[in-house]
Every structure is written in structure tokens, then in C-alpha cells.
file input-v2.txt (compact mmCIF, C-alpha atoms (C1' of nucleotides) and all ligand atoms)
# COMPACT_ATOMS: atom_id res chain seq x y z
CA MET A 18 135.82 113.97 83.75
CA LEU A 19 137.22 117.48 84.09
CA SER A 20 136.56 119.47 87.23
CA ASN A 21 134.97 122.84 86.98
CA SER A 22 138.26 124.34 88.02
CA ALA A 23 140.09 122.62 85.20
CA LYS A 24 137.59 123.91 82.67
CA TYR A 25 138.06 127.40 84.02
CA ALA A 26 141.82 126.98 83.82
CA LEU A 27 141.63 125.93 80.19
CA LYS A 28 139.43 128.86 79.31
CA ALA A 29 141.63 131.31 81.16
CA VAL A 30 144.87 130.09 79.66
CA LEU A 31 143.34 130.06 76.22
CA TYR A 32 142.10 133.57 76.73
CA LEU A 33 145.55 134.62 77.84
CA SER A 34 147.14 132.98 74.85
CA LEU A 35 144.91 135.02 72.57
CA ASN A 36 145.04 138.32 74.38
CA SER A 37 148.22 138.71 76.34
CA ASN A 38 151.95 138.97 75.95
CA GLU A 39 154.87 140.39 77.87
CA GLU A 40 153.74 143.94 77.10
CA GLU A 41 150.02 143.45 77.60
CA LYS A 42 149.31 141.73 80.84
CA LEU A 43 145.84 140.99 82.06
CA MET A 44 144.38 141.33 85.52
CA THR A 45 142.25 138.66 87.14
CA LYS A 46 139.30 141.00 87.01
CA ASP A 47 139.48 141.47 83.24
CA ILE A 48 139.86 137.78 82.52
CA SER A 49 137.10 136.76 84.88
CA GLU A 50 134.66 139.16 83.28
CA LYS A 51 135.49 137.99 79.79
CA ILE A 52 135.34 134.28 80.39
CA ASN A 53 132.55 134.54 82.90
CA VAL A 54 134.14 132.96 85.93
CA PRO A 55 133.89 134.28 89.51
CA LYS A 56 136.77 136.63 90.17
CA SER A 57 138.25 135.34 93.40
CA TYR A 58 137.77 131.77 92.38
CA LEU A 59 139.64 132.41 89.18
CA ALA A 60 142.32 134.26 91.13
CA LYS A 61 143.08 131.10 93.02
CA ILE A 62 143.29 129.08 89.85
CA LEU A 63 145.55 131.57 88.09
CA GLN A 64 147.86 131.63 91.06
CA ASP A 65 148.06 127.87 90.96
CA LEU A 66 148.93 127.91 87.29
CA SER A 67 151.48 130.63 87.82
CA ARG A 68 153.14 128.81 90.69
CA HIS A 69 153.53 125.79 88.45
CA GLY A 70 154.98 127.79 85.58
CA VAL A 71 152.11 127.19 83.22
CA ILE A 72 151.54 130.92 82.94
CA ALA A 73 153.61 133.96 83.88
CA SER A 74 152.76 136.81 86.23
CA SER A 75 154.12 139.97 87.71
CA LYS A 76 153.04 141.82 90.81
CA GLY A 77 152.37 145.46 91.44
CA PRO A 78 151.03 148.24 89.24
CA LYS A 79 151.06 147.33 85.56
CA GLY A 80 151.30 143.77 86.67
CA GLY A 81 149.09 140.90 85.72
CA PHE A 82 149.11 137.55 84.02
CA TYR A 83 150.49 136.77 80.60
CA LEU A 84 152.04 134.05 78.48
CA HIS A 85 155.56 133.71 77.18
CA ASP A 86 155.88 132.17 73.76
CA ASN A 87 157.21 128.96 75.22
CA ASN A 88 154.16 128.81 77.46
CA LYS A 89 152.18 128.34 74.30
CA LYS A 90 154.04 125.15 73.50
CA ILE A 91 152.63 123.52 76.57
CA SER A 92 150.17 120.69 76.03
CA LEU A 93 146.68 120.84 77.41
CA ILE A 94 147.16 117.94 79.76
CA ASP A 95 149.76 119.95 81.67
CA ILE A 96 147.23 122.65 82.38
CA ILE A 97 144.67 120.17 83.55
CA GLU A 98 147.01 118.17 85.72
CA VAL A 99 148.07 121.22 87.69
CA ILE A 100 144.45 121.62 88.74
CA ASP A 101 143.04 118.10 88.84
CA GLY A 102 146.10 115.98 89.42
CA LYS A 103 147.04 112.95 87.37
CA GLN A 104 144.48 110.50 88.63
CA ARG A 105 141.14 111.97 87.72
CA LEU A 106 141.39 112.02 83.97
CA SER A 107 142.56 108.50 83.41
CA SER A 108 140.07 106.73 85.60
CA CYS A 109 137.54 104.27 84.28
CA ILE A 110 134.08 105.60 83.67
CA LEU A 111 132.73 103.18 86.21
CA GLY A 112 135.43 104.46 88.52
CA PHE A 113 136.86 101.20 89.71
CA HIS A 114 140.43 101.58 88.48
CA GLU A 115 142.50 103.17 85.77
CA CYS A 116 140.81 102.89 82.42
CA ASP A 117 142.70 100.17 80.63
CA SER A 118 142.00 98.57 77.29
CA GLU A 119 143.76 95.44 78.42
CA ASN A 120 141.27 95.04 81.21
CA PRO A 121 138.14 96.73 79.97
CA CYS A 122 135.09 97.25 82.13
CA VAL A 123 131.70 96.49 80.74
CA LEU A 124 131.24 100.03 79.49
CA HIS A 125 134.69 100.42 78.01
CA ASP A 126 133.76 99.13 74.58
CA ILE A 127 130.79 101.43 74.47
CA MET A 128 133.08 104.31 75.17
CA GLY A 129 135.05 103.14 72.17
CA GLY A 130 138.18 103.80 74.14
CA ALA A 131 137.18 107.43 74.08
CA ASN A 132 138.65 107.90 77.49
CA ASN A 133 142.16 106.88 76.46
CA GLN A 134 141.80 108.62 73.16
CA PHE A 135 140.85 111.86 74.82
CA VAL A 136 143.78 111.79 77.19
CA LYS A 137 146.09 111.07 74.31
CA SER A 138 144.75 114.05 72.41
CA LEU A 139 145.22 116.25 75.44
CA GLU A 140 148.82 115.13 75.59
CA GLU A 141 149.43 115.79 71.95
CA THR A 142 147.59 119.07 71.57
CA THR A 143 149.32 122.31 72.47
CA LEU A 144 147.88 125.74 73.01
CA GLU A 145 149.34 126.75 69.67
CA ASP A 146 147.33 124.02 68.01
CA LEU A 147 144.13 125.31 69.52
CA ILE A 148 144.93 128.84 68.50
CA ALA A 149 145.42 127.61 64.96
CA ASP A 150 142.04 125.89 65.03
CA LEU A 151 140.39 129.04 66.26
CA SER A 152 141.96 131.28 63.64
CA GLU A 153 140.82 128.85 60.97
CA GLY A 154 137.35 129.38 62.33
CA SER A 155 136.86 125.64 62.59
CA SER A 156 135.89 125.92 66.24
CA VAL A 157 134.61 128.41 68.73
CA PHE A 158 135.89 129.66 72.05
CA PRO A 159 133.01 129.51 74.51
CA VAL A 160 132.79 131.95 77.34
CA ASP A 161 129.45 131.07 78.87
CA MET B 17 130.13 112.93 83.00
CA LEU B 18 128.31 110.36 85.05
CA SER B 19 127.52 111.04 88.69
CA ASN B 20 128.62 108.59 91.28
CA SER B 21 125.00 107.70 91.83
CA ALA B 22 124.56 106.86 88.16
CA LYS B 23 127.58 104.59 88.22
CA TYR B 24 126.18 102.83 91.26
CA ALA B 25 122.85 102.50 89.50
CA LEU B 26 124.46 100.90 86.47
CA LYS B 27 126.42 98.47 88.59
CA ALA B 28 123.38 97.56 90.65
CA VAL B 29 121.08 97.01 87.70
CA LEU B 30 123.73 95.00 85.96
CA TYR B 31 124.22 92.90 89.05
CA LEU B 32 120.48 92.37 89.25
CA SER B 33 120.30 91.39 85.62
CA LEU B 34 122.91 88.70 86.22
CA ASN B 35 121.69 87.41 89.56
CA SER B 36 117.99 87.97 89.98
CA ASN B 37 114.66 86.99 88.56
CA GLU B 38 111.08 86.76 89.76
CA GLU B 39 111.95 83.78 91.95
CA GLU B 40 115.27 85.03 93.26
CA LYS B 41 114.99 88.52 94.55
CA LEU B 42 117.85 90.35 96.12
CA MET B 43 117.92 92.60 99.17
CA THR B 44 119.67 95.93 99.25
CA LYS B 45 122.13 94.57 101.73
CA ASP B 46 123.25 91.72 99.48
CA ILE B 47 123.65 93.91 96.45
CA SER B 48 125.50 96.61 98.32
CA GLU B 49 128.00 94.15 99.68
CA LYS B 50 128.62 92.59 96.31
CA ILE B 51 129.06 95.77 94.32
CA ASN B 52 130.71 97.61 97.16
CA VAL B 53 128.38 100.55 97.58
CA PRO B 54 127.13 101.94 100.92
CA LYS B 55 123.92 100.23 101.87
CA SER B 56 121.59 103.09 102.65
CA TYR B 57 122.86 105.13 99.77
CA LEU B 58 122.19 102.29 97.41
CA ALA B 59 118.76 101.81 98.96
CA LYS B 60 117.80 105.28 97.89
CA ILE B 61 119.03 104.67 94.37
CA LEU B 62 117.24 101.35 94.05
CA GLN B 63 114.01 102.92 95.24
CA ASP B 64 114.38 105.62 92.63
CA LEU B 65 114.90 103.05 89.92
CA SER B 66 111.98 101.00 91.15
CA ARG B 67 109.65 103.99 91.28
CA HIS B 68 110.51 104.71 87.66
CA GLY B 69 109.92 101.16 86.55
CA VAL B 70 113.51 100.44 85.63
CA ILE B 71 113.63 97.58 88.09
CA ALA B 72 110.96 95.66 89.96
CA SER B 73 110.55 95.20 93.69
CA SER B 74 108.35 93.60 96.28
CA LYS B 75 108.00 94.40 99.94
CA GLY B 76 107.89 92.20 102.98
CA PRO B 77 109.61 88.95 103.85
CA LYS B 78 110.97 87.17 100.79
CA GLY B 79 110.80 90.53 99.10
CA GLY B 80 113.58 92.37 97.35
CA PHE B 81 114.61 93.73 93.99
CA TYR B 82 114.67 91.86 90.72
CA LEU B 83 114.33 92.28 86.99
CA HIS B 84 111.59 91.17 84.67
CA ASP B 85 112.70 90.01 81.26
CA ASN B 86 111.39 93.15 79.66
CA ASN B 87 113.43 95.18 82.13
CA LYS B 88 116.47 93.74 80.41
CA LYS B 89 115.45 95.30 77.14
CA ILE B 90 115.88 98.74 78.60
CA SER B 91 118.73 100.82 77.24
CA LEU B 92 121.45 102.13 79.49
CA ILE B 93 120.56 105.75 78.99
CA ASP B 94 117.21 105.13 80.65
CA ILE B 95 118.92 103.95 83.79
CA ILE B 96 121.22 106.93 83.85
CA GLU B 97 118.57 109.51 83.15
CA VAL B 98 116.47 108.39 86.09
CA ILE B 99 119.37 109.32 88.32
CA ASP B 100 121.14 112.17 86.57
CA GLY B 101 118.40 113.68 84.45
CA LYS B 102 118.68 114.47 80.79
CA GLN B 103 120.94 117.49 80.89
CA ARG B 104 124.16 116.27 82.41
CA LEU B 105 125.24 113.73 79.87
CA SER B 106 124.83 115.79 76.77
CA SER B 107 126.61 118.89 77.94
CA CYS B 108 129.77 120.19 76.33
CA ILE B 109 133.02 119.27 78.02
CA LEU B 110 133.70 122.93 78.60
CA GLY B 111 130.21 123.12 80.01
CA PHE B 112 128.94 126.12 78.17
CA HIS B 113 126.02 124.55 76.32
CA GLU B 114 124.82 121.30 74.84
CA CYS B 115 127.61 119.54 73.03
CA ASP B 116 126.87 120.12 69.38
CA SER B 117 128.92 119.17 66.35
CA GLU B 118 127.34 122.00 64.40
CA ASN B 119 128.72 124.47 66.88
CA PRO B 120 131.83 122.83 68.27
CA CYS B 121 133.80 124.29 71.13
CA VAL B 122 137.55 124.42 70.91
CA LEU B 123 137.91 121.03 72.57
CA HIS B 124 135.18 119.31 70.63
CA ASP B 125 137.43 118.12 67.82
CA ILE B 126 139.90 116.79 70.30
CA MET B 127 137.14 114.78 71.85
CA GLY B 128 136.49 113.39 68.42
CA GLY B 129 132.81 113.81 69.07
CA ALA B 130 133.25 111.20 71.73
CA ASN B 131 130.63 112.91 73.81
CA ASN B 132 127.87 112.49 71.25
CA GLN B 133 129.14 109.07 70.33
CA PHE B 134 129.00 107.89 73.88
CA VAL B 135 125.45 109.10 74.39
CA LYS B 136 124.43 107.41 71.20
CA SER B 137 125.94 104.14 72.37
CA LEU B 138 124.13 104.43 75.65
CA GLU B 139 120.89 104.85 73.77
CA GLU B 140 121.53 101.86 71.57
CA THR B 141 122.92 99.45 74.13
CA THR B 142 120.56 97.40 76.22
CA LEU B 143 121.24 95.43 79.35
CA GLU B 144 120.94 92.27 77.30
CA ASP B 145 123.77 93.48 75.10
CA LEU B 146 126.02 93.99 78.10
CA ILE B 147 125.14 90.59 79.45
CA ALA B 148 126.10 89.10 76.12
CA ASP B 149 129.45 90.91 76.22
CA LEU B 150 130.11 89.59 79.69
CA SER B 151 129.29 86.02 78.87
CA GLU B 152 131.61 86.18 75.89
CA GLY B 153 134.26 87.21 78.36
CA SER B 154 135.14 90.22 76.27
CA SER B 155 134.70 92.54 79.22
CA VAL B 156 134.63 92.52 82.96
CA PHE B 157 132.10 93.62 85.55
CA PRO B 158 133.89 95.75 88.09
CA VAL B 159 132.78 95.80 91.66
CA ASP B 160 135.44 97.98 93.27
C1' DT C 2 160.12 157.75 99.70
C1' DC C 3 155.28 157.06 99.57
C1' DT C 4 151.08 155.82 97.54
C1' DT C 5 148.76 152.73 94.96
C1' DA C 6 147.88 148.74 92.10
C1' DA C 7 148.53 144.42 91.37
C1' DA C 8 149.53 139.26 92.63
C1' DT C 9 149.89 136.09 96.65
C1' DA C 10 148.59 133.47 100.69
C1' DT C 11 145.33 131.86 103.63
C1' DG C 12 141.23 130.79 105.52
C1' DA C 13 136.00 131.15 105.87
C1' DT C 14 131.58 130.32 103.81
C1' DT C 15 128.31 128.25 100.72
C1' DT C 16 126.49 124.60 98.00
C1' DA C 17 125.68 120.23 96.14
C1' DA C 18 126.74 115.48 96.26
C1' DA C 19 127.37 111.60 98.93
C1' DT C 20 126.30 109.18 102.93
C1' DC C 21 123.85 107.94 107.15
C1' DA C 22 119.80 107.13 110.14
C1' DT C 23 115.21 106.17 111.36
C1' DG C 24 110.39 105.78 111.29
C1' DT C 25 106.39 103.83 108.18
C1' DT C 26 104.12 100.60 105.25
C1' DT C 27 103.46 96.22 103.20
C1' DT C 28 103.45 91.27 103.07
C1' DC C 29 104.84 86.71 104.27
C1' DA C 30 104.49 82.83 107.35
C1' DA C 31 103.70 80.79 111.60
C1' DT D 28 96.25 87.54 113.86
C1' DT D 29 100.54 88.75 114.79
C1' DG D 30 105.63 89.28 114.52
C1' DA D 31 109.25 89.97 111.64
C1' DA D 32 111.38 91.08 107.22
C1' DA D 33 111.60 93.61 103.64
C1' DA D 34 110.94 98.06 100.67
C1' DC D 35 109.59 102.87 101.12
C1' DA D 36 109.79 107.72 102.55
C1' DT D 37 111.94 111.35 104.64
C1' DG D 38 115.19 114.00 106.62
C1' DA D 39 119.82 114.72 108.93
C1' DT D 40 124.75 114.63 108.59
C1' DT D 41 129.16 114.59 106.36
C1' DT D 42 132.34 115.72 102.79
C1' DA D 43 134.34 117.81 98.97
C1' DA D 44 134.01 121.26 95.52
C1' DA D 45 133.03 125.79 94.51
C1' DT D 46 132.96 130.36 95.97
C1' DC D 47 133.93 134.42 98.79
C1' DA D 48 136.75 137.55 101.69
C1' DT D 49 140.71 139.67 103.44
C1' DA D 50 145.25 140.57 104.98
C1' DT D 51 150.11 140.47 103.04
C1' DT D 52 153.74 141.17 99.72
C1' DT D 53 155.77 143.26 95.69
C1' DA D 54 156.80 146.76 92.38
C1' DA D 55 155.73 150.91 89.52
C1' DG D 56 155.57 155.68 89.33
C1' DA D 57 154.87 160.21 91.17
S1 LIG A 201 138.02 100.35 81.80
FE1 LIG A 201 136.11 101.30 82.29
S2 LIG A 201 136.04 102.88 80.80
FE2 LIG A 201 137.92 101.92 80.31
S1 LIG A 202 130.79 121.40 71.92
FE1 LIG A 202 132.21 121.27 73.54
S2 LIG A 202 132.63 119.14 73.61
FE2 LIG A 202 131.18 119.28 71.99
call {"tool": "encode", "arguments": {"input": "input-v2.txt", "output": "C-alpha cells"}}
result
Amino acid sequence: MLSNSAKYALKAVLYLSLNSNEEEKLMTKDISEKINVPKSYLAKILQDLSRHGVIASSKGPKGGFYLHDNNKKISLIDIIEVIDGKQRLSSCILGFHECDSENPCVLHDIMGGANNQFVKSLEETTLEDLIADLSEGSSVFPVD
Amino acid sequence: MLSNSAKYALKAVLYLSLNSNEEEKLMTKDISEKINVPKSYLAKILQDLSRHGVIASSKGPKGGFYLHDNNKKISLIDIIEVIDGKQRLSSCILGFHECDSENPCVLHDIMGGANNQFVKSLEETTLEDLIADLSEGSSVFPVD
DNA sequence: TCTTAAATATGATTTAAATCATGTTTTCAA
DNA sequence: TTGAAAACATGATTTAAATCATATTTAAGA
């Protein structure tokens, strides 16, 4: 469904959204230790996200990764698509085409359209929304 | 979510349930062509399923794979677990532990518990149920 | 200006999944 | 009783994802 890389990206961006801003940037090393993802692997992912404008970065001493406020208005699907592309998420669970309620495979009903539903939620949910959930304590941010 | 192998297994067993019985066994080659899965890869999967009693087989000329009636009463999860094991399906989408509504990760709500729901459906749905769906024409059996 | 700390770019290595290949055993039928 | 047709068992190869490593660029600060 989601690649490992995409999961890592979500965790990293979420961590950034909670712990960084223009004045307090974070280095790859710090993030990787906190969210428990191999450092140089995460580096590659962060650079990808940065190149696509999903997160911000600056080089040199005192540099690092951080989020602008408008970065927090981004929806989750945008993070995922940078890493996994558009195809992966919307494909049928039996993998024969795009998941499509008009032309459901034999497992589609069992999924209860969960596939489509999930994608829709990813489109509609922003980082800010998640942050709100977390501060309400209604969910937990996993690091392991 | 599901491995490729598990998808192949589902397709193959479903194909068997529609096209085989004690008198009409099917060879790997025939199945693989019909459901569009590499022959020797599928062979390995079918042998796995057979060894675990999910499907039946007989060797030699006129041999092949087939399903007994009671094989059709098996639930989908049993097919999947032979191939993927028990862990994979029930793990959190962020992959940090078992998906658990009592201890939801930050994406769990967005999933709408779809993870758990899906597993539950797989436990409750038998091959016979799928066959019924297909004959009603309410869903389609994908081969590509 | 020079050193150093950071991201960036690029490519190599490792690992696991998917796929291929081939010899062995069983059983049918002539 | 024997040849061929099938599953069965095992291992090799390929491929893609995950991971590691390292040289380059940029910018802060002494
Ligand atoms: S069409 Fe297969 S899961 Fe939707
Ligand atoms: S706990 Fe993460 S998806 Fe359920």
C-alpha cells in the first residue's frame, strides 16, 4: 500500500511539523535518531521532499530541515506521491488495474471501498489536521 | 498489505474453485496462462497451498490441482496466511506495531479502522461467498 | 578568507521478493 | 513393465527496494 520510504517520509515530515520552524532547524541525524530510521536512507528521502518543496532546507552550518507554516497546509497525499508516485496508492488490491467502484474486483466489496476511502482521506487531511489530533491526545505518533 | 504471491494465490484458488473438481483437475500451466502468472512461480505457490491442505492435488498423468467441496468452505484469510504468514496483514500502516484501535497511530483514524475491518472480512468470507458474488455478477474476477 | 558544518548528488552494496530452471517422485495407461 | 505426464523439491538467478558510503556544494562564523 505505502512503501517503506513513504512511511518514513510521513514520520519525518510529521516530526518536523512538531519540532521545527524557521529558527529551529533539524539535521538529518537528529530526525533519524528520533524517528528510528537509518540516517543516510532518510537523508535521501528528505532531499527528495525538499527538492519537491514539501519541506524547506538550508545548507551549511546552522542549516537543516524545517517547515514553513504553509508547508503545514499540505495534504498527506502530496507527501506520499513525491515518494511513491501516483500509481501505487490507487491500485486495486488484486493489482490488476486502478481500484474502481464502477468495475469492482472480487475483493473490492470486502474492502468496503476502503482503498478509495483511504486515498480520499489522504487528500483531505493536512498536516495541521494531524497535529490537531495529536494535541487532543486522540492518537499517537509512533516512532518504532 | 498483501504480497504479490498472496494475490496470485487468491486468484489461483478462485480460478480453481470456478473451474475444477475431482473429475476435472487443472495443471499449473493451464492455470498460469488463464490468470496470467508466471508458470514456475505459480507452481511453487500451488505446492505450498497443497502442502497446507488449502487445495488438493494428484500426481502423474491426468493429475493436477483441484478443490474438494470442503475446500470451498475455507475463508480467505487461510489462503493468505499460508503464503504471507500471520504478521503482515495485521500490522499498522505506519508499520510500528500491530494495528490496534485501542492504541491508534496518527493515521489510524484516517484509515477508518479499515485495516482491522479488512482482516475481519477476510476471516468471515469464504470462497463460496465469493463465488456467489461472481455468479450474481456483482463483481468481476480479474486476470490481468 | 578559511575552516567547518550542513545539505546535495551520485553511485555502490545489501536484502528480500519475484522469477526461473532442473532434477526427483509418483501414477496413469499402453 | 515401462514411458510419459504430472506434482514435488530444491536451488539459482533476477529485480527492485532498502540501505550504505562518499565526494561535492553551500553558507555561517571566526
Ligand atoms: S477494484 Fe480491486 S480493490 Fe477495488
Ligand atoms: S494503529 Fe496504525 S493503522 Fe491502526
call {"tool": "residues_near_ligand", "arguments": {"input": "input-v2.txt", "ligand": "ligand LIG 201 (chain A)", "cutoff": "9 Å", "atoms": "all atoms listed in the file", "output": "number ranges by chain"}}
result
A: 107-133; B: 155-156, 158
call {"tool": "axis_aligned_box", "arguments": {"input": "input-v2.txt", "around": "ligand LIG 202 (chain A)", "padding_each_side": "4 Å", "output": "JSON"}}
result
{"center_x": 131.7, "center_y": 120.3, "center_z": 72.8, "size_x": 9.8, "size_y": 10.3, "size_z": 9.7}
call {"tool": "residues_around", "arguments": {"input": "input-v2.txt", "residues": "range 40-46 of chain D", "least_positions_apart": "4", "cutoff": "8 Å", "atoms": "all atoms listed in the file", "output": "mmCIF file with C-alpha atoms (C1' of nucleotides), in the frame of the given file"}}
result
data_model
loop_
_atom_site.group_PDB
_atom_site.id
_atom_site.type_symbol
_atom_site.label_atom_id
_atom_site.label_comp_id
_atom_site.auth_asym_id
_atom_site.auth_seq_id
_atom_site.Cartn_x
_atom_site.Cartn_y
_atom_site.Cartn_z
ATOM 1 C CA PRO A 55 133.890 134.280 89.510
ATOM 2 C CA SER A 57 138.250 135.340 93.400
ATOM 3 C CA TYR A 58 137.770 131.770 92.380
ATOM 4 C "C1'" DT C 14 131.580 130.320 103.810
ATOM 5 C "C1'" DT C 15 128.310 128.250 100.720
ATOM 6 C "C1'" DT C 16 126.490 124.600 98.000
ATOM 7 C "C1'" DA C 19 127.370 111.600 98.930
ATOM 8 C "C1'" DT C 20 126.300 109.180 102.930
ATOM 9 C "C1'" DC C 21 123.850 107.940 107.150
#
call {"tool": "closest_atom_pairs", "arguments": {"input": "input-v2.txt", "of": "chain D", "to": "chain A", "cutoff": "9 Å", "atoms": "all atoms listed in the file", "output": "CSV"}}
result
residue,atom,partner,partner_atom,distance
D:DA44,C1',A:Asn21,CA,8.7
D:DA45,C1',A:Tyr58,CA,7.9
D:DT46,C1',A:Tyr58,CA,6.2
D:DC47,C1',A:Ser57,CA,7.0
D:DA48,C1',A:Ser57,CA,8.7
D:DT52,C1',A:Lys76,CA,9.0
D:DT53,C1',A:Lys76,CA,5.8
D:DA54,C1',A:Gly77,CA,4.7
D:DA55,C1',A:Pro78,CA,5.4
D:DG56,C1',A:Pro78,CA,8.7
call {"tool": "interface_residues", "arguments": {"input": "input-v2.txt", "of": "chain A", "to": "chain C", "cutoff": "12 Å", "atoms": "all atoms listed in the file", "output": "PDB file with C-alpha atoms, keeping the file's coordinate frame"}}
result
ATOM      1  CA  LYS A  42     149.310 141.730  80.840  1.00  0.00           C
ATOM      2  CA  LEU A  43     145.840 140.990  82.060  1.00  0.00           C
ATOM      3  CA  MET A  44     144.380 141.330  85.520  1.00  0.00           C
ATOM      4  CA  THR A  45     142.250 138.660  87.140  1.00  0.00           C
ATOM      5  CA  LYS A  46     139.300 141.000  87.010  1.00  0.00           C
ATOM      6  CA  SER A  57     138.250 135.340  93.400  1.00  0.00           C
ATOM      7  CA  ALA A  60     142.320 134.260  91.130  1.00  0.00           C
ATOM      8  CA  LYS A  61     143.080 131.100  93.020  1.00  0.00           C
ATOM      9  CA  ILE A  62     143.290 129.080  89.850  1.00  0.00           C
ATOM     10  CA  LEU A  63     145.550 131.570  88.090  1.00  0.00           C
ATOM     11  CA  GLN A  64     147.860 131.630  91.060  1.00  0.00           C
ATOM     12  CA  ASP A  65     148.060 127.870  90.960  1.00  0.00           C
ATOM     13  CA  SER A  67     151.480 130.630  87.820  1.00  0.00           C
ATOM     14  CA  ARG A  68     153.140 128.810  90.690  1.00  0.00           C
ATOM     15  CA  ALA A  73     153.610 133.960  83.880  1.00  0.00           C
ATOM     16  CA  SER A  74     152.760 136.810  86.230  1.00  0.00           C
ATOM     17  CA  SER A  75     154.120 139.970  87.710  1.00  0.00           C
ATOM     18  CA  LYS A  76     153.040 141.820  90.810  1.00  0.00           C
ATOM     19  CA  GLY A  77     152.370 145.460  91.440  1.00  0.00           C
ATOM     20  CA  PRO A  78     151.030 148.240  89.240  1.00  0.00           C
ATOM     21  CA  LYS A  79     151.060 147.330  85.560  1.00  0.00           C
ATOM     22  CA  GLY A  80     151.300 143.770  86.670  1.00  0.00           C
ATOM     23  CA  GLY A  81     149.090 140.900  85.720  1.00  0.00           C
ATOM     24  CA  PHE A  82     149.110 137.550  84.020  1.00  0.00           C
TER      25      PHE A  82
END
call {"tool": "residues_around", "arguments": {"input": "input-v2.txt", "residues": "Leu144 in chain A", "least_positions_apart": "6", "cutoff": "9 Å", "atoms": "only C-alpha atoms (C1' of nucleotides)", "output": "ChimeraX atom specification"}}
result
/A:30-31,34,88-93
call {"tool": "write_last_selection", "arguments": {"input": "input-v2.txt", "atoms": "C-alpha atoms", "output": "PDB file, keeping the file's coordinate frame"}}
result
ATOM      1  CA  VAL A  30     144.870 130.090  79.660  1.00  0.00           C
ATOM      2  CA  LEU A  31     143.340 130.060  76.220  1.00  0.00           C
ATOM      3  CA  SER A  34     147.140 132.980  74.850  1.00  0.00           C
ATOM      4  CA  ASN A  88     154.160 128.810  77.460  1.00  0.00           C
ATOM      5  CA  LYS A  89     152.180 128.340  74.300  1.00  0.00           C
ATOM      6  CA  LYS A  90     154.040 125.150  73.500  1.00  0.00           C
ATOM      7  CA  ILE A  91     152.630 123.520  76.570  1.00  0.00           C
ATOM      8  CA  SER A  92     150.170 120.690  76.030  1.00  0.00           C
ATOM      9  CA  LEU A  93     146.680 120.840  77.410  1.00  0.00           C
TER      10      LEU A  93
END
call {"tool": "atom_distance", "arguments": {"input": "input-v2.txt", "atom1": "CA of Ser37 in chain A", "atom2": "CA of Leu106 in chain A"}}
result
28.6 Å
call {"tool": "closest_residue", "arguments": {"input": "input-v2.txt", "among": "A:Tyr83, A:Gln104, A:Asp146, A:Lys24", "to": "chain B", "atoms": "all atoms listed in the file"}}
result
A:Lys24
call {"tool": "closest_residue", "arguments": {"input": "input-v2.txt", "among": "A:Phe158, A:Glu50, A:Val99, A:Lys137", "to": "ligand LIG 202 (chain A)", "atoms": "all atoms listed in the file"}}
result
A:Phe158
call {"tool": "atom_distance", "arguments": {"input": "input-v2.txt", "atom1": "CA of Leu32 in chain B", "atom2": "CA of Ile99 in chain B"}}
result
17.0 Å
call {"tool": "atom_distance", "arguments": {"input": "input-v2.txt", "atom1": "CA of Arg105 in chain A", "atom2": "CA of Asp86 in chain A"}}
result
28.6 Å
call {"tool": "decode", "arguments": {"input": "input-v2.txt", "residues": "chain C", "atoms": "C-alpha atoms (C1' of nucleotides)", "output": "compact mmCIF listing (two decimals), in the first residue's frame"}}
result
# COMPACT_ATOMS: atom_id res chain seq x y z
C1' DT C 2 39.49 34.44 3.94
C1' DC C 3 39.43 29.95 5.87
C1' DT C 4 37.57 26.31 8.43
C1' DT C 5 33.83 23.73 9.40
C1' DA C 6 29.10 22.14 9.35
C1' DA C 7 25.47 21.19 6.99
C1' DA C 8 22.62 19.69 2.65
C1' DT C 9 23.16 17.69 -2.04
C1' DA C 10 24.29 14.44 -5.65
C1' DT C 11 25.56 10.15 -7.03
C1' DG C 12 26.56 5.62 -7.00
C1' DA C 13 27.62 1.07 -4.59
C1' DT C 14 26.04 -2.60 -1.67
C1' DT C 15 22.76 -5.46 0.67
C1' DT C 16 18.48 -7.78 1.17
C1' DA C 17 14.17 -9.73 0.20
C1' DA C 18 10.80 -10.71 -3.17
C1' DA C 19 9.87 -12.41 -7.51
C1' DT C 20 11.08 -15.36 -11.08
C1' DC C 21 13.42 -19.13 -13.47
C1' DA C 22 15.37 -23.80 -14.04
C1' DT C 23 16.04 -28.54 -13.27
C1' DG C 24 16.22 -32.91 -11.22
C1' DT C 25 13.09 -36.37 -8.46
C1' DT C 26 8.99 -38.87 -7.36
C1' DT C 27 4.54 -40.64 -8.28
C1' DT C 28 0.96 -42.58 -11.11
C1' DC C 29 -1.56 -43.47 -15.23
C1' DA C 30 -2.10 -46.13 -19.39
C1' DA C 31 -0.48 -48.76 -23.03
